[in-house]
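Quick notes on the structure that follows.
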Amino acid sequence: MTTESQLRADIVEVGRRMYARGYTASNDGNISARLGDDRLLMTPRSVCKGFMTPDMMCVTDLNGKKLQGDRDPSSEMLMHLEVYRQRPDARAVCHAHPPIATGFAVAGIPLDRAVLAEVLTTLGSIPIAEYATPSTSELPEAVRKYVKAHDGMLLANHGALTLGTDVLSAYYKLETIEHFAKISLVARMLGRENLLARDEVDRLQGLRTSYGIKAPAPICPDPTVLGDLLSGPDQMTCQVVRAPEGDGRSRLVADPIVPVQTLPVARAAAPDGDEEIRLTYRELSALIEDAIRSLR
Ligand SMILES: [Zn+2]
């Protein structure tokens, strides 16, 4: 078992990395870890997580009562307590505001598309917990809905939350979420996000066992039947991954949606004169909508 001094050092190191990588600004973010069966180590409130020292940590019980430490525990302590309550396997929790992932949380876009194999084998999908006022009891309630089936989630208009079997593993999941968000953003800016076919997702799910990855829940068999991805009850028991049915031959399915943002590029490439140009249905619709708007 990790000693208390090692746990304190790990929390300091993870705080340093979170701040250095820009996942937190000012005094944002918080980290905690189980200290034995009935106590927690928790980062203090109002402290920059990039410059902590091991002696700054608070020791609390599982109800949040401070047992030791000169400072008060994190203002987001209630959210951490809820994670430990719902997930006996969780030994550590990280919360930060990584900017790209938080951008997705602000836009209301969950990171649940089948895009990267390593994300599917580890985190599965990354849902968005509904908005709740930070530091109130609303936040643990929002988190409770997803935490049983997910090791990482976005918090609407707020940030990201991860848990793990130790402090570093919880932190690495935060890195994976931010990295995945960056890649997703770039692909969407480029105008195309090809997806892994459902068969491939099933194959990757099978690999979890051979790699010894302990996922908290299976990937849902049929996510296309879900209407509202933010409130679907299935996300309490399984991980919603949006992956289209493939044709049985290719493992990738071409993104059927060409975002409107690509339109200026298509226009610039169009030749002068009366040569033929081809537009997708979506591009054509966008042009018509533009024209109608300019008429008003
Ligand atoms: Zn926060």
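Each chain of the structure tokens is named A, B, ... in the order shown, its residues numbered from 1; ligands are numbered from 1 in display order.
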With only C-alpha atoms and all ligand atoms counted and 6 Å as the cut-off, give the residues of chain A in contact with ligand 1, each with its shortest interatomic distance in Å and the pair that gives it, as JSON lines.
{"residue": "A:Asp28", "atom": "CA", "partner": "ligand 1", "partner_atom_place_in_ligand_line": "1 (Zn)", "distance": 5.9}
{"residue": "A:Gly29", "atom": "CA", "partner": "ligand 1", "partner_atom_place_in_ligand_line": "1 (Zn)", "distance": 5.3}
{"residue": "A:Ala96", "atom": "CA", "partner": "ligand 1", "partner_atom_place_in_ligand_line": "1 (Zn)", "distance": 5.8}
{"residue": "A:His158", "atom": "CA", "partner": "ligand 1", "partner_atom_place_in_ligand_line": "1 (Zn)", "distance": 6.0}
{"residue": "A:Gly159", "atom": "CA", "partner": "ligand 1", "partner_atom_place_in_ligand_line": "1 (Zn)", "distance": 6.0}
Residues of region 128-214 of chain A that have any atom at most 12 Å from an atom of region 3-10 of chain A: could you tabulate them with the shortest-distance atom pair and the distance in Å to one decimal, using only C-alpha atoms, ordered by chain and increasing number, as a tab-separated table?
residue	atom	partner	partner_atom	distance
A:Asp166	CA	A:Leu7	CA	8.8
A:Val167	CA	A:Asp10	CA	6.4
A:Leu168	CA	A:Asp10	CA	7.1
A:Ser169	CA	A:Asp10	CA	10.7
A:Ala170	CA	A:Asp10	CA	11.2
A:Tyr171	CA	A:Asp10	CA	10.2
If you keep N, CA and C atoms, can you produce a file of those selected residues as a compact mmCIF listing (two decimals), in the first residue's frame?
# COMPACT_ATOMS: atom_id res chain seq x y z
N ASP A 166 -5.09 4.96 -8.55
CA ASP A 166 -4.08 5.74 -7.82
C ASP A 166 -4.07 7.16 -8.39
N VAL A 167 -3.31 8.04 -7.76
CA VAL A 167 -3.37 9.46 -8.14
C VAL A 167 -2.91 9.66 -9.59
N LEU A 168 -1.83 8.99 -9.96
CA LEU A 168 -1.32 9.16 -11.32
C LEU A 168 -2.30 8.63 -12.36
N SER A 169 -2.93 7.49 -12.07
CA SER A 169 -3.85 6.93 -13.09
C SER A 169 -5.07 7.84 -13.25
N ALA A 170 -5.55 8.44 -12.18
CA ALA A 170 -6.66 9.40 -12.32
C ALA A 170 -6.21 10.58 -13.17
N TYR A 171 -4.98 11.04 -12.93
CA TYR A 171 -4.46 12.17 -13.70
C TYR A 171 -4.30 11.82 -15.18
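Nearest residue to Leu207 (chain A), choosing from A:Thr60, A:Thr165, A:Thr122, A:Gln86 and counting only C-alpha atoms: A:Thr122.
Taking CA of Ile177 (chain A) and CA of Leu41 (chain A) as endpoints, the distance between them is 24.0 Å.
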I'd like to know which of A:His150, A:His179, A:Arg34, A:His97 is closest to Ala215 (chain A), using only C-alpha atoms.
A:His150
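In this model, the gap between CA of Ala243 (chain A) and CA of Arg87 (chain A) comes to 27.5 Å.
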Contacts of Ala129 (chain A) within 8 Å, only C-alpha atoms, excl. fewer than 6 positions in-chain, as a list of chain:residue names
A:Ala142, A:Val143, A:Lys145, A:Tyr146, A:Met153, A:Leu154, A:Leu155, A:Ala156, A:Leu230
Quick one: residues within 12 Å of Arg17 (chain A), only C-alpha atoms, excluding same-chain residues fewer than 2 positions away - as a VMD selection string?
chain A and resid 10 to 15 19 to 24 29 31 48 to 52 94 96 98 168 171 to 172 174 to 175
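If you count only C-alpha atoms and ignore residues fewer than 3 places along the chain from Arg45 (chain A), what sits within 7 Å of it is Asp72, Pro73, Ser74 and Ser75 of chain A.
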Selection export as a PDB file, in the first residue's frame, atoms kept: N, CA and C atoms:
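After the write, again.pdb holds the following:
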ATOM      1  N   ASP A  72      -8.361  24.653   4.974  1.00  0.00           N
ATOM      2  CA  ASP A  72      -9.651  24.005   4.736  1.00  0.00           C
ATOM      3  C   ASP A  72      -9.586  23.176   3.451  1.00  0.00           C
ATOM      4  N   PRO A  73     -10.321  22.063   3.427  1.00  0.00           N
ATOM      5  CA  PRO A  73     -10.294  21.238   2.207  1.00  0.00           C
ATOM      6  C   PRO A  73     -10.980  21.920   1.028  1.00  0.00           C
ATOM      7  N   SER A  74     -10.718  21.395  -0.142  1.00  0.00           N
ATOM      8  CA  SER A  74     -11.253  21.927  -1.401  1.00  0.00           C
ATOM      9  C   SER A  74     -12.736  22.242  -1.343  1.00  0.00           C
ATOM     10  N   SER A  75     -13.114  23.327  -2.030  1.00  0.00           N
ATOM     11  CA  SER A  75     -14.537  23.693  -2.077  1.00  0.00           C
ATOM     12  C   SER A  75     -15.342  22.662  -2.876  1.00  0.00           C
TER      13      SER A  75
END
DSSP says strand (DSSP E) for which residues of region 131-235 of chain A? Put them as a list in words?
Gly152, Met153, Leu154, Leu155, Gly159, Ala160, Leu161, Thr162, Leu163, Gly164, Leu195 and Leu196 of chain A
Put those residues in a file: C-alpha atoms, as a PDB file, in the first residue's frame.
ATOM      1  CA  GLY A 152     -14.053  10.231 -16.686  1.00  0.00           C
ATOM      2  CA  MET A 153     -16.679  12.807 -17.562  1.00  0.00           C
ATOM      3  CA  LEU A 154     -17.111  16.404 -18.569  1.00  0.00           C
ATOM      4  CA  LEU A 155     -19.024  18.767 -16.299  1.00  0.00           C
ATOM      5  CA  GLY A 159     -14.518  21.215 -16.517  1.00  0.00           C
ATOM      6  CA  ALA A 160     -13.612  17.540 -16.300  1.00  0.00           C
ATOM      7  CA  LEU A 161     -13.552  14.886 -13.583  1.00  0.00           C
ATOM      8  CA  THR A 162     -11.627  11.593 -13.501  1.00  0.00           C
ATOM      9  CA  LEU A 163     -10.999   8.783 -11.044  1.00  0.00           C
ATOM     10  CA  GLY A 164      -8.460   6.000 -10.857  1.00  0.00           C
ATOM     11  CA  LEU A 195     -15.678   6.879 -37.232  1.00  0.00           C
ATOM     12  CA  LEU A 196     -14.765   3.353 -36.238  1.00  0.00           C
TER      13      LEU A 196
END
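Residues within 12 Å of Glu200 (chain A), counting only C-alpha atoms and excluding same-chain residues fewer than 3 positions away, are Ala114, Val115, Leu116, Ala117, Leu120, Thr121, Leu195, Leu196, Ala197, Arg203, Leu204, Gln205, Gly206, Leu207, Val241, Ala243, Pro244, Glu245, Gly246, Asp247, Gly248, Arg249, Ser250, Arg251, Leu252 and Val253 of chain A.
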When you look at Gly69 (chain A) with a cut-off of 10 Å (counting only C-alpha atoms), what residues show up, excluding the ones that are within fewer than 4 positions of it in the same chain? I need them as number ranges by chain.
A: 41-42, 44, 55-60, 73
What residues in region 98-173 of chain A get the DSSP label helix (DSSP H, G or I)? Please answer as a count of residues only.
31
